[in-house]
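Enquirer: Got run02.cif for you, mmCIF, C-alpha atoms and all ligand atoms:
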```
data_work
#
loop_
_atom_site.label_atom_id
_atom_site.label_comp_id
_atom_site.auth_asym_id
_atom_site.auth_seq_id
_atom_site.Cartn_x
_atom_site.Cartn_y
_atom_site.Cartn_z
CA MET A 1 -28.75 -9.53 -8.11
CA LYS A 2 -28.30 -6.23 -9.93
CA ILE A 3 -26.33 -3.12 -9.03
CA SER A 4 -28.84 -0.40 -8.23
CA SER A 5 -26.67 2.49 -7.03
CA ILE A 6 -23.07 3.59 -6.62
CA ARG A 7 -22.06 6.27 -4.19
CA ALA A 8 -18.52 7.69 -4.02
CA ARG A 9 -17.72 10.01 -1.12
CA VAL A 10 -14.47 11.69 -0.18
CA PHE A 11 -13.47 11.61 3.49
CA GLU A 12 -10.97 14.36 4.29
CA TRP A 13 -9.43 14.37 7.72
CA THR A 14 -9.81 17.67 9.57
CA GLY A 15 -8.89 16.38 13.03
CA PRO A 16 -5.55 16.68 14.82
CA THR A 17 -2.40 15.45 13.07
CA VAL A 18 1.15 14.78 14.17
CA PRO A 19 3.17 17.84 13.10
CA PRO A 20 5.55 17.42 10.15
CA GLN A 21 9.21 16.73 10.83
CA SER A 22 12.24 17.27 8.63
CA HIS A 23 13.77 14.23 6.93
CA PHE A 24 10.85 12.10 7.98
CA CYS A 25 10.91 10.12 4.77
CA ALA A 26 12.81 10.52 1.52
CA ASN A 27 10.51 10.96 -1.48
CA ALA A 28 10.59 11.68 -5.20
CA MET A 29 10.26 15.46 -4.70
CA ASP A 30 13.56 15.58 -2.79
CA LEU A 31 15.47 15.56 -6.06
CA ILE A 32 14.08 18.75 -7.52
CA TYR A 33 14.64 22.34 -6.66
CA GLU A 34 11.86 23.91 -4.63
CA PRO A 35 11.55 27.65 -4.02
CA PRO A 36 12.10 28.55 -0.36
CA ARG A 37 8.92 28.33 1.68
CA VAL A 38 7.51 30.68 4.20
CA GLY A 39 6.67 28.82 7.36
CA PRO A 40 8.10 27.13 10.39
CA GLU A 41 10.22 24.05 9.91
CA GLU A 42 11.13 22.71 6.49
CA ASP A 43 8.24 20.37 5.69
CA THR A 44 9.74 17.43 3.82
CA MET A 45 6.45 15.58 4.17
CA ARG A 46 4.37 18.00 2.16
CA THR A 47 4.10 15.70 -0.85
CA PHE A 48 3.89 12.62 1.30
CA ARG A 49 0.54 12.85 3.01
CA PHE A 50 -2.67 11.03 2.29
CA HIS A 51 -5.23 12.75 4.45
CA GLY A 52 -8.21 11.91 2.23
CA TRP A 53 -9.85 8.71 1.13
CA THR A 54 -12.60 7.91 -1.38
CA VAL A 55 -15.16 5.49 -0.01
CA VAL A 56 -17.32 3.70 -2.57
CA GLU A 57 -20.59 2.00 -1.68
CA VAL A 58 -22.13 -0.21 -4.33
CA GLN A 59 -25.70 -1.21 -3.54
CA THR A 60 -27.73 -4.02 -5.09
CA ASP A 61 -31.46 -4.39 -5.67
CA ASP A 62 -31.62 -6.95 -2.87
CA GLY A 63 -30.29 -4.43 -0.38
CA LEU A 64 -26.65 -5.47 -0.02
CA VAL A 65 -23.92 -2.82 0.13
CA GLY A 66 -20.34 -3.50 -0.95
CA LEU A 67 -17.53 -1.25 0.27
CA GLY A 68 -14.51 -0.18 -1.75
CA ASN A 69 -11.91 2.53 -1.28
CA VAL A 70 -9.23 4.62 -3.03
CA ALA A 71 -6.38 6.40 -1.28
CA LEU A 72 -4.80 8.17 -4.27
CA ALA A 73 -6.02 11.61 -5.40
CA PRO A 74 -9.40 11.01 -3.74
CA ARG A 75 -11.32 13.97 -5.18
CA ILE A 76 -10.28 13.06 -8.72
CA ALA A 77 -11.03 9.38 -8.09
CA LYS A 78 -14.55 10.37 -7.04
CA GLN A 79 -15.03 12.34 -10.26
CA ILE A 80 -13.86 9.39 -12.35
CA ILE A 81 -16.21 7.02 -10.56
CA ASP A 82 -19.20 9.39 -10.79
CA GLN A 83 -18.71 10.42 -14.40
CA TYR A 84 -17.17 7.40 -16.10
CA LEU A 85 -17.32 4.19 -14.08
CA ALA A 86 -20.71 4.18 -12.35
CA PRO A 87 -22.67 4.27 -15.64
CA LEU A 88 -20.69 1.24 -16.91
CA VAL A 89 -21.54 -0.87 -13.89
CA LEU A 90 -25.08 0.18 -12.93
CA GLY A 91 -27.77 -2.38 -13.68
CA HIS A 92 -25.28 -5.26 -14.00
CA ASP A 93 -24.84 -8.40 -11.93
CA PRO A 94 -21.77 -8.08 -9.64
CA TRP A 95 -20.96 -11.74 -10.42
CA ASP A 96 -19.95 -10.56 -13.88
CA TYR A 97 -16.91 -9.01 -12.23
CA GLU A 98 -14.44 -9.99 -14.96
CA TYR A 99 -16.61 -8.41 -17.64
CA LEU A 100 -17.18 -5.31 -15.51
CA ASN A 101 -13.48 -4.94 -14.70
CA GLN A 102 -12.59 -5.19 -18.42
CA ARG A 103 -15.41 -2.82 -19.28
CA MET A 104 -14.08 -0.14 -16.94
CA TYR A 105 -10.43 -0.75 -17.88
CA ARG A 106 -11.06 -0.55 -21.61
CA ALA A 107 -13.49 2.37 -21.41
CA ILE A 108 -10.94 4.70 -19.78
CA HIS A 109 -7.86 3.10 -21.31
CA ALA A 110 -6.86 6.19 -23.30
CA TRP A 111 -6.21 8.17 -20.13
CA GLY A 112 -6.75 5.85 -17.19
CA ARG A 113 -4.59 2.75 -17.69
CA LYS A 114 -2.19 3.83 -14.94
CA GLY A 115 -2.51 6.06 -11.92
CA VAL A 116 -5.75 7.43 -10.56
CA GLY A 117 -7.91 5.87 -13.29
CA MET A 118 -6.82 2.42 -12.16
CA ALA A 119 -7.25 3.40 -8.51
CA ALA A 120 -10.85 4.40 -9.22
CA ILE A 121 -11.51 1.09 -11.02
CA SER A 122 -9.97 -0.70 -8.05
CA ALA A 123 -12.42 0.87 -5.61
CA VAL A 124 -15.44 -0.25 -7.62
CA ASP A 125 -13.99 -3.72 -8.12
CA ILE A 126 -13.21 -4.12 -4.41
CA ALA A 127 -16.80 -3.14 -3.59
CA LEU A 128 -18.06 -5.79 -6.07
CA TRP A 129 -16.02 -8.49 -4.33
CA ASP A 130 -17.31 -7.33 -0.95
CA LEU A 131 -20.81 -7.83 -2.39
CA LEU A 132 -19.98 -11.31 -3.69
CA GLY A 133 -18.79 -12.30 -0.24
CA LYS A 134 -21.84 -10.82 1.44
CA SER A 135 -24.22 -12.46 -1.03
CA THR A 136 -22.72 -15.92 -0.38
CA GLY A 137 -22.09 -15.41 3.34
CA LYS A 138 -18.36 -16.10 2.83
CA PRO A 139 -15.23 -14.03 3.39
CA VAL A 140 -13.65 -12.80 0.15
CA PHE A 141 -10.56 -14.98 0.61
CA LYS A 142 -12.78 -18.07 0.45
CA LEU A 143 -13.86 -16.99 -3.05
CA LEU A 144 -10.24 -16.52 -4.18
CA GLY A 145 -8.71 -19.84 -3.20
CA GLY A 146 -9.44 -20.01 0.49
CA ARG A 147 -7.14 -20.28 3.45
CA THR A 148 -3.51 -21.07 2.60
CA LYS A 149 -2.13 -20.07 6.01
CA GLU A 150 -3.06 -20.71 9.59
CA ARG A 151 -2.56 -16.98 10.09
CA ILE A 152 -0.76 -14.21 8.19
CA PRO A 153 2.72 -13.20 9.34
CA CYS A 154 3.07 -9.44 9.12
CA TYR A 155 5.88 -6.95 9.33
CA TYR A 156 5.83 -3.78 11.36
CA SER A 157 5.88 -0.84 8.97
CA LYS A 158 6.64 2.56 10.36
CA LEU A 159 10.02 3.65 11.78
CA TYR A 160 10.06 6.93 9.91
CA ARG A 161 13.28 8.85 10.28
CA THR A 162 13.24 10.78 13.51
CA ASP A 163 15.66 11.06 16.36
CA LEU A 164 17.67 7.80 16.51
CA LYS A 165 16.83 7.18 20.15
CA ALA A 166 13.12 7.53 19.35
CA MET A 167 13.49 5.08 16.45
CA GLN A 168 15.22 2.60 18.73
CA GLU A 169 12.49 2.94 21.34
CA GLU A 170 9.84 2.41 18.69
CA ALA A 171 11.60 -0.72 17.37
CA SER A 172 12.06 -2.13 20.83
CA ARG A 173 8.42 -1.51 21.76
CA PHE A 174 7.15 -3.47 18.76
CA LEU A 175 9.82 -6.15 19.13
CA ALA A 176 8.40 -6.73 22.59
CA GLN A 177 4.95 -7.13 20.99
CA GLY A 178 6.24 -10.08 19.00
CA PHE A 179 7.03 -8.59 15.57
CA ARG A 180 9.88 -10.37 13.81
CA ALA A 181 10.20 -8.04 10.84
CA PHE A 182 10.50 -4.26 10.67
CA LYS A 183 10.53 -1.69 7.91
CA MET A 184 12.27 1.62 8.37
CA ARG A 185 12.40 4.73 6.19
CA PHE A 186 15.45 6.63 4.98
CA GLY A 187 15.34 10.36 5.60
CA TYR A 188 18.14 11.42 3.29
CA GLY A 189 18.91 11.29 -0.41
CA PRO A 190 21.15 12.79 -3.10
CA ALA A 191 20.45 16.38 -2.08
CA HIS A 192 22.00 15.80 1.35
CA GLY A 193 25.44 14.75 0.18
CA GLN A 194 27.85 12.58 2.12
CA GLN A 195 26.41 13.78 5.43
CA GLY A 196 23.09 12.32 4.39
CA VAL A 197 24.79 9.03 3.45
CA VAL A 198 26.26 8.89 6.95
CA GLU A 199 22.89 9.75 8.53
CA ASN A 200 21.18 6.98 6.58
CA LEU A 201 23.77 4.43 7.66
CA LYS A 202 23.55 5.52 11.29
CA ALA A 203 19.80 4.98 11.31
CA VAL A 204 20.07 1.45 9.90
CA GLU A 205 22.76 0.64 12.42
CA ALA A 206 20.62 2.01 15.26
CA VAL A 207 17.63 -0.13 14.33
CA ARG A 208 19.75 -3.26 13.75
CA GLU A 209 21.27 -2.71 17.20
CA VAL A 210 17.80 -3.12 18.71
CA ILE A 211 16.29 -5.87 16.57
CA GLY A 212 19.48 -7.87 16.05
CA TYR A 213 20.16 -10.13 13.08
CA ASP A 214 17.63 -12.82 13.91
CA ASN A 215 14.80 -10.52 12.82
CA ASP A 216 14.13 -9.09 9.38
CA LEU A 217 14.84 -5.51 8.45
CA MET A 218 13.38 -3.88 5.38
CA LEU A 219 14.62 -0.54 4.04
CA GLU A 220 12.34 1.97 2.34
CA CYS A 221 13.55 4.72 -0.01
CA TYR A 222 10.11 5.73 -1.30
CA MET A 223 11.63 6.77 -4.64
CA GLY A 224 13.68 9.45 -2.89
CA TRP A 225 17.00 8.36 -4.44
CA ASN A 226 18.38 8.26 -7.96
CA LEU A 227 20.35 5.49 -9.57
CA GLU A 228 23.75 7.06 -8.98
CA TYR A 229 23.00 7.56 -5.28
CA ALA A 230 21.62 4.03 -4.98
CA ARG A 231 24.85 2.68 -6.51
CA ARG A 232 26.75 4.49 -3.77
CA MET A 233 24.45 3.38 -0.97
CA LEU A 234 23.84 -0.29 -1.71
CA PRO A 235 27.40 -1.59 -1.18
CA ARG A 236 27.41 0.21 2.16
CA LEU A 237 24.08 -1.35 3.15
CA GLU A 238 24.88 -4.96 2.29
CA ARG A 239 26.50 -5.60 5.66
CA PHE A 240 23.19 -4.87 7.40
CA GLU A 241 21.59 -7.83 5.59
CA PRO A 242 18.31 -6.16 4.66
CA ARG A 243 15.48 -8.47 3.63
CA TRP A 244 14.85 -5.96 0.84
CA LEU A 245 15.42 -2.38 -0.27
CA GLU A 246 12.22 -0.73 -1.45
CA GLU A 247 11.65 1.65 -4.36
CA PRO A 248 15.19 3.06 -4.55
CA VAL A 249 14.32 5.08 -7.68
CA ILE A 250 11.15 6.40 -9.31
CA ALA A 251 8.67 3.75 -10.39
CA ASP A 252 9.25 4.30 -14.13
CA ASP A 253 12.97 3.55 -13.96
CA ILE A 254 12.53 -0.18 -14.45
CA ASP A 255 16.07 -0.60 -15.84
CA GLY A 256 17.39 1.10 -12.71
CA TYR A 257 15.63 -1.46 -10.50
CA ALA A 258 16.93 -4.31 -12.64
CA GLU A 259 20.52 -3.01 -12.53
CA LEU A 260 20.52 -2.67 -8.73
CA GLY A 261 19.07 -6.13 -8.32
CA ARG A 262 21.77 -7.61 -10.59
CA ARG A 263 24.73 -5.75 -9.17
CA PHE A 264 24.19 -5.87 -5.43
CA ASN A 265 23.47 -8.44 -2.81
CA ILE A 266 20.22 -6.87 -1.66
CA PRO A 267 16.80 -7.87 -2.99
CA ILE A 268 15.01 -4.91 -4.58
CA SER A 269 11.28 -4.51 -4.03
CA GLY A 270 8.70 -2.36 -5.75
CA GLY A 271 5.33 -2.24 -7.41
CA GLU A 272 3.49 0.00 -4.97
CA HIS A 273 3.32 2.54 -7.80
CA GLU A 274 2.71 0.09 -10.63
CA PHE A 275 -0.65 -0.70 -12.22
CA SER A 276 -2.44 -3.49 -14.08
CA LEU A 277 -1.41 -6.97 -15.10
CA TYR A 278 0.77 -5.58 -17.88
CA GLY A 279 2.72 -3.30 -15.55
CA PHE A 280 3.67 -6.29 -13.41
CA LYS A 281 4.43 -8.45 -16.43
CA GLN A 282 7.04 -5.85 -17.40
CA LEU A 283 8.56 -5.71 -13.91
CA LEU A 284 8.84 -9.50 -13.77
CA GLU A 285 10.08 -10.06 -17.33
CA ARG A 286 12.83 -7.53 -16.86
CA GLY A 287 13.87 -8.94 -13.50
CA ALA A 288 13.30 -5.56 -11.88
CA VAL A 289 12.00 -6.73 -8.51
CA SER A 290 12.62 -9.61 -6.13
CA VAL A 291 9.48 -8.76 -4.16
CA VAL A 292 6.22 -7.47 -5.68
CA GLN A 293 4.31 -4.93 -3.61
CA TYR A 294 1.15 -4.09 -5.49
CA ASP A 295 -1.74 -2.45 -3.70
CA THR A 296 -5.13 -3.93 -4.56
CA ASN A 297 -6.70 -0.50 -4.35
CA ARG A 298 -4.37 0.75 -7.10
CA VAL A 299 -3.74 -2.11 -9.54
CA GLY A 300 -7.32 -2.61 -10.69
CA GLY A 301 -8.93 -4.22 -7.68
CA ILE A 302 -9.23 -7.80 -6.50
CA THR A 303 -9.99 -9.12 -10.00
CA MET A 304 -6.67 -7.80 -11.28
CA ALA A 305 -4.61 -8.50 -8.13
CA HIS A 306 -5.71 -12.14 -8.27
CA LYS A 307 -4.23 -12.41 -11.77
CA ILE A 308 -1.03 -10.67 -10.69
CA ASN A 309 -0.71 -13.23 -7.90
CA ALA A 310 -0.79 -16.03 -10.48
CA LEU A 311 1.83 -14.27 -12.58
CA CYS A 312 4.12 -13.80 -9.57
CA GLU A 313 3.67 -17.43 -8.59
CA ALA A 314 4.87 -18.49 -12.03
CA TYR A 315 7.94 -16.25 -11.68
CA SER A 316 8.56 -17.39 -8.08
CA VAL A 317 8.55 -13.79 -6.94
CA PRO A 318 6.81 -13.27 -3.61
CA VAL A 319 3.93 -10.83 -3.34
CA ILE A 320 3.87 -8.75 -0.17
CA PRO A 321 1.23 -6.11 -0.87
CA HIS A 322 1.66 -2.49 0.04
CA ALA A 323 -0.10 -1.18 3.14
CA GLY A 324 -1.81 -4.29 4.44
CA GLN A 325 -5.50 -3.45 4.91
CA MET A 326 -8.39 -5.79 4.25
CA HIS A 327 -8.45 -5.56 0.44
CA ASN A 328 -4.87 -6.89 0.51
CA TYR A 329 -5.11 -9.31 3.43
CA HIS A 330 -7.77 -11.39 1.68
CA LEU A 331 -5.49 -11.86 -1.33
CA THR A 332 -2.52 -12.66 0.88
CA MET A 333 -4.51 -15.27 2.79
CA SER A 334 -5.63 -16.98 -0.42
CA THR A 335 -2.32 -17.50 -2.24
CA LEU A 336 0.96 -19.24 -1.54
CA ALA A 337 2.64 -16.59 -3.68
CA SER A 338 2.18 -14.22 -0.76
CA PRO A 339 4.14 -15.12 2.38
CA MET A 340 3.35 -12.09 4.56
CA SER A 341 1.64 -8.74 4.88
CA GLU A 342 2.74 -5.22 5.54
CA TYR A 343 1.19 -3.87 8.71
CA PHE A 344 0.69 -0.21 9.56
CA PRO A 345 -0.03 0.10 13.26
CA MET A 346 -2.99 2.20 14.41
CA HIS A 347 -1.57 5.61 15.19
CA GLU A 348 -2.52 9.28 15.50
CA VAL A 349 -3.04 10.71 12.01
CA GLU A 350 0.38 11.40 10.53
CA VAL A 351 1.19 10.23 6.99
CA GLY A 352 -2.39 9.19 6.41
CA ASN A 353 -1.98 5.40 6.01
CA GLU A 354 -3.47 5.11 9.47
CA LEU A 355 -6.63 6.94 8.34
CA PHE A 356 -8.04 3.61 7.25
CA TYR A 357 -8.61 2.73 10.90
CA TYR A 358 -10.58 5.93 11.46
CA ILE A 359 -12.88 5.33 8.49
CA PHE A 360 -13.47 1.57 8.70
CA ARG A 361 -14.21 -0.83 11.51
CA GLY A 362 -13.09 -4.44 11.17
CA GLU A 363 -9.40 -4.12 10.30
CA PRO A 364 -7.55 -6.91 12.14
CA VAL A 365 -5.04 -5.92 14.81
CA ALA A 366 -1.72 -7.79 14.77
CA GLU A 367 -1.03 -10.11 17.65
CA GLY A 368 2.48 -11.37 18.20
CA GLY A 369 3.40 -10.39 14.64
CA PHE A 370 0.47 -12.22 13.04
CA LEU A 371 -2.92 -11.29 11.62
CA GLN A 372 -6.03 -13.39 11.49
CA LEU A 373 -9.04 -13.32 9.19
CA ASP A 374 -12.40 -14.67 10.27
CA ASP A 375 -13.60 -17.73 8.31
CA HIS A 376 -17.22 -16.80 8.93
CA ARG A 377 -17.26 -13.05 8.38
CA PRO A 378 -18.84 -12.36 4.95
CA GLY A 379 -17.22 -10.07 2.41
CA LEU A 380 -14.15 -8.06 3.33
CA GLY A 381 -15.32 -7.75 6.92
CA LEU A 382 -15.35 -3.96 7.00
CA GLU A 383 -18.02 -1.44 7.88
CA LEU A 384 -18.00 2.32 8.03
CA ARG A 385 -17.55 3.70 11.49
CA ASP A 386 -19.36 6.80 12.69
CA ASP A 387 -17.44 7.74 15.84
CA TYR A 388 -14.91 9.90 13.97
CA LEU A 389 -17.31 11.40 11.46
CA ASP A 390 -17.17 14.83 13.06
CA GLN A 391 -13.44 14.93 12.29
CA PHE A 392 -13.89 14.44 8.56
CA ARG A 393 -15.03 16.79 5.83
CA ILE A 394 -17.22 14.60 3.64
CA ILE A 395 -17.68 15.47 -0.01
CA GLU A 396 -20.79 13.89 -1.48
MG MG B 401 6.61 1.52 0.20
#
```
Write the structure described by the file as structure tokens, please.
Expert:
Amino acid sequence: MKISSIRARVFEWTGPTVPPQSHFCANAMDLIYEPPRVGPEEDTMRTFRFHGWTVVEVQTDDGLVGLGNVALAPRIAKQIIDQYLAPLVLGHDPWDYEYLNQRMYRAIHAWGRKGVGMAAISAVDIALWDLLGKSTGKPVFKLLGGRTKERIPCYYSKLYRTDLKAMQEEASRFLAQGFRAFKMRFGYGPAHGQQGVVENLKAVEAVREVIGYDNDLMLECYMGWNLEYARRMLPRLERFEPRWLEEPVIADDIDGYAELGRRFNIPISGGEHEFSLYGFKQLLERGAVSVVQYDTNRVGGITMAHKINALCEAYSVPVIPHAGQMHNYHLTMSTLASPMSEYFPMHEVEVGNELFYYIFRGEPVAEGGFLQLDDHRPGLGLELRDDYLDQFRIIE
């Protein structure tokens, strides 16, 4: 089996979207001065949307097609795949995945060892693994270690900061569907002063009121705080018994993560914006995170994520990948290091995480707070859907 073609296409959503709301989710841009904008409501989501996706199809000479994807900087990812990665992989046997992963990683190392370069490598690597599954007639998780769980527990991940009543209704709706764990987003950070502190606390209280203390609550900062603000917030949050507090500061402030984890009684999670085996080695060695949240379509693909799983197992740090989605679910199913998955519910297009459902068919739907993977479905179990194609701009 030899790779005969690689096609990277960008899918940009042009269909209807949920309008932006203020304080929807704190993010790293909140901390810097922005010139006043002309327009309706203050759009705090402007740097927090992912309305494009790169879809990679790797075809072999025996007619199989493997599917991979990138959700970061999709137009740039496509350029990297077309210009740099495709020539390194074409003509090779997908079973040489370790060699091919190293080949891509080392070839673009000077500029691509973190960020979009790694995301582009991930997409190709994910497509290779999809091919391996399809060529053997087995699901990818069976090639990685097989089934370690009867089914995958998952946590409900949405609860963006809106009106508190609306957040409570959302939590109660998904509690009724059987979810036992919920992640909510903070809407306020250092720029919003003490009033923002109070608003953040009110929101946590409101959600806890609905889900009680016999369910898990995760808190997401999405890098929208700084260390000083986190030091003020964490003692006030301890009483809500969060399962973890996610990305309190920017991803590069590893010492900041480590300090918060040491000083306060709240596990700190991160890794959604970290890359490669070495990036995770650093996080673990420095005790920066109590939960690792890599995304397979960022870290270097399934080949790399599999190694990171082994590293986390040795450190006894659980892996709960960012975003759920098939490329992560297969890894979660195949390792004891990973106790559960994140789960974005299917939703009208808003942040963009939900776009995955509009591009691919085959994503499992949670039932009673659990996900299932099919033991007999080859590869990742995804195919491209065509019923929303008229709502995408597709860049070939
Ligand atoms: Mg996150």
Enquirer: Return as a tab-separated table the residues of stretch 51-71 of chain A lying at most 7 Å from stretch 100-124 of chain A, together with the closest atom-to-atom pair for each and the distance in Å to one decimal, counting all atoms listed in the file, with rows in chain order and ascending residue number.
Expert:
```
residue	atom	partner	partner_atom	distance
A:Val56	CA	A:Ala123	CA	6.4
A:Gly68	CA	A:Ala123	CA	4.5
A:Asn69	CA	A:Ala123	CA	4.7
A:Val70	CA	A:Ala123	CA	5.6
```
Enquirer: For the residues selected in the previous step, produce a file with C-alpha atoms as a JSON list (two decimals), keeping the file's coordinate frame.
Expert:
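So the final result, stored in result22.json, reads:
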```
[["chain", "number", "residue", "atom", "x", "y", "z"],
["A", 56, "VAL", "CA", -17.32, 3.70, -2.57],
["A", 68, "GLY", "CA", -14.51, -0.18, -1.75],
["A", 69, "ASN", "CA", -11.91, 2.53, -1.28],
["A", 70, "VAL", "CA", -9.23, 4.62, -3.03]]
```
Enquirer: Using all atoms listed in the file, find the one residue out of A:Ser4, A:Ser22, A:Thr335, A:Ser157 that sits nearest to ligand MG 401 (chain B).
Expert: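 Closest candidate: A:Ser157.
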Enquirer: So that I can see what lies close to A:Met184, please list as a list of chain:residue names the residues with an atom at most 6 Å from it, counting all atoms listed in the file and leaving out residues fewer than 2 positions away in the same chain.
Expert: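 Contacts, in chain order: A:Leu159, A:Tyr160, A:Leu219.
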Enquirer: Find the residues near A:Gly145: any atom within 12 Å, counting only C-alpha atoms, skip ones fewer than 5 places away on the same chain, and give them as a list in words.
Expert: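 So the residues in contact are Lys138, Pro139, Val140, His306, Asn309, Ala310, His330, Leu331, Thr332, Met333, Ser334, Thr335, Leu336 and Ala337 of chain A.
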Enquirer: Could you write those residues out with C-alpha atoms, as a compact mmCIF listing (two decimals), in the frame of the given file?
Expert:
```txt
# COMPACT_ATOMS: atom_id res chain seq x y z
CA LYS A 138 -18.36 -16.10 2.83
CA PRO A 139 -15.23 -14.03 3.39
CA VAL A 140 -13.65 -12.80 0.15
CA HIS A 306 -5.71 -12.14 -8.27
CA ASN A 309 -0.71 -13.23 -7.90
CA ALA A 310 -0.79 -16.03 -10.48
CA HIS A 330 -7.77 -11.39 1.68
CA LEU A 331 -5.49 -11.86 -1.33
CA THR A 332 -2.52 -12.66 0.88
CA MET A 333 -4.51 -15.27 2.79
CA SER A 334 -5.63 -16.98 -0.42
CA THR A 335 -2.32 -17.50 -2.24
CA LEU A 336 0.96 -19.24 -1.54
CA ALA A 337 2.64 -16.59 -3.68
```
Enquirer: Might you pull out every residue within 7 Å of stretch 9-16 of chain A, with all atoms listed in the file counted and same-chain residues fewer than 5 positions away left off, and present them as a list in words?
Expert: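 Counting only the stated atoms, we get His51, Gly52, Trp53, Thr54, Val55, Val56, Pro74, Arg75, Lys78, Gln391, Phe392, Arg393, Ile394, Ile395 and Glu396 of chain A.
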Enquirer: Could you name the residues that touch A:Leu311 at 12 Å or less, counting all atoms listed in the file, but leaving out those on the same chain fewer than 6 positions away, as a PyMOL selection string?
Expert: chain A and resi 276-285+292+304-305+317-319+335+337-338
Enquirer: What is the distance between atom CA of A:Arg185 and atom CA of A:Arg208, in Å to one decimal?
Expert: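 Between atom CA of A:Arg185 and atom CA of A:Arg208 the gap works out to 13.2 Å.
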Enquirer: As a quick test: using all atoms listed in the file, which residues lie no more than 9 Å away from ligand MG 401 (chain B)? Give them as a list in words.
Expert: Arg185, Glu220, Cys221, Tyr222, Met223, Glu246, Glu247, Ser269, Gly270, Gly271, Glu272, His273, Gln293, His322 and Ala323 of chain A
Enquirer: With only C-alpha atoms as the counted atoms, please give the residues lying no more than 6 Å from A:Tyr155, apart from itself and same-chain residues fewer than 4 positions off, as an MDAnalysis selection string.
Expert: chainID A and resid 181:182 342:343
Enquirer: Smallest atom-to-atom distance to A:Val198: which of A:Glu98, A:Gly224, A:Arg236, A:Ile211, using only C-alpha atoms?
Expert: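 With only C-alpha atoms as the atom set, the closest residue is A:Arg236.
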Enquirer: Which residues, protein or nucleic acid, reach to within 9 Å of (8.8, -5.2, 14.5) in the file's coordinates when using all atoms listed in the file, and can you give that as JSON, numbers by chain?
Expert: {"A": [154, 155, 156, 157, 170, 171, 172, 173, 174, 175, 176, 177, 178, 179, 180, 181, 182, 183, 211, 215, 216, 217, 369]}
Enquirer: Would you please work out which residue, of A:Ile302, A:Leu355, A:Met340, A:Ala230, is nearest to A:Val249 when using all atoms listed in the file?
Expert: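 Looking only at the distances to A:Val249, the closest residue turns out to be A:Ala230.
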Enquirer: Do you have the atom CA of A:Gln325-atom CA of A:Val351 distance handy?
Expert: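 Rounded to one decimal, the two atoms are 15.4 Å apart.
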Enquirer: Could you check the closest approach to A:Met167 for each of A:Phe141, A:Phe24, A:Tyr358, A:Tyr329 and tell me which residue wins, using all atoms listed in the file?
Expert: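 Smallest separation from A:Met167 among the options: A:Phe24.
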Enquirer: Can you tell me how far atom CA of A:Glu383 sits from atom CA of A:Leu67, in Å to one decimal?
Expert: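 Interatomic distance, atom CA of A:Glu383 to atom CA of A:Leu67: 7.6 Å.
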Enquirer: Rank nothing, just name the residue among A:Gly261, A:Pro242, A:Gly133, A:Pro153 nearest to A:Ser341, using all atoms listed in the file.
Expert: A:Pro153
Enquirer: Between A:Ala26, A:Met1, A:Val291, A:Met233, which is the closest to A:Leu64 once you count all atoms listed in the file?
Expert: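 The shortest atom-to-atom distance to A:Leu64 comes from A:Met1.
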Enquirer: Taking (14.7, -8.3, -16.0) as a centre in this file's frame and 9 Å as the limit, can you find every polymer residue with an atom that close, using all atoms listed in the file, and give them as a list in words?
Expert: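 Residues satisfying the cut-off, written out: Ile254, Asp255, Tyr257, Ala258, Glu259, Arg262, Gln282, Leu283, Leu284, Glu285, Arg286, Gly287, Ala288 and Val289 of chain A.
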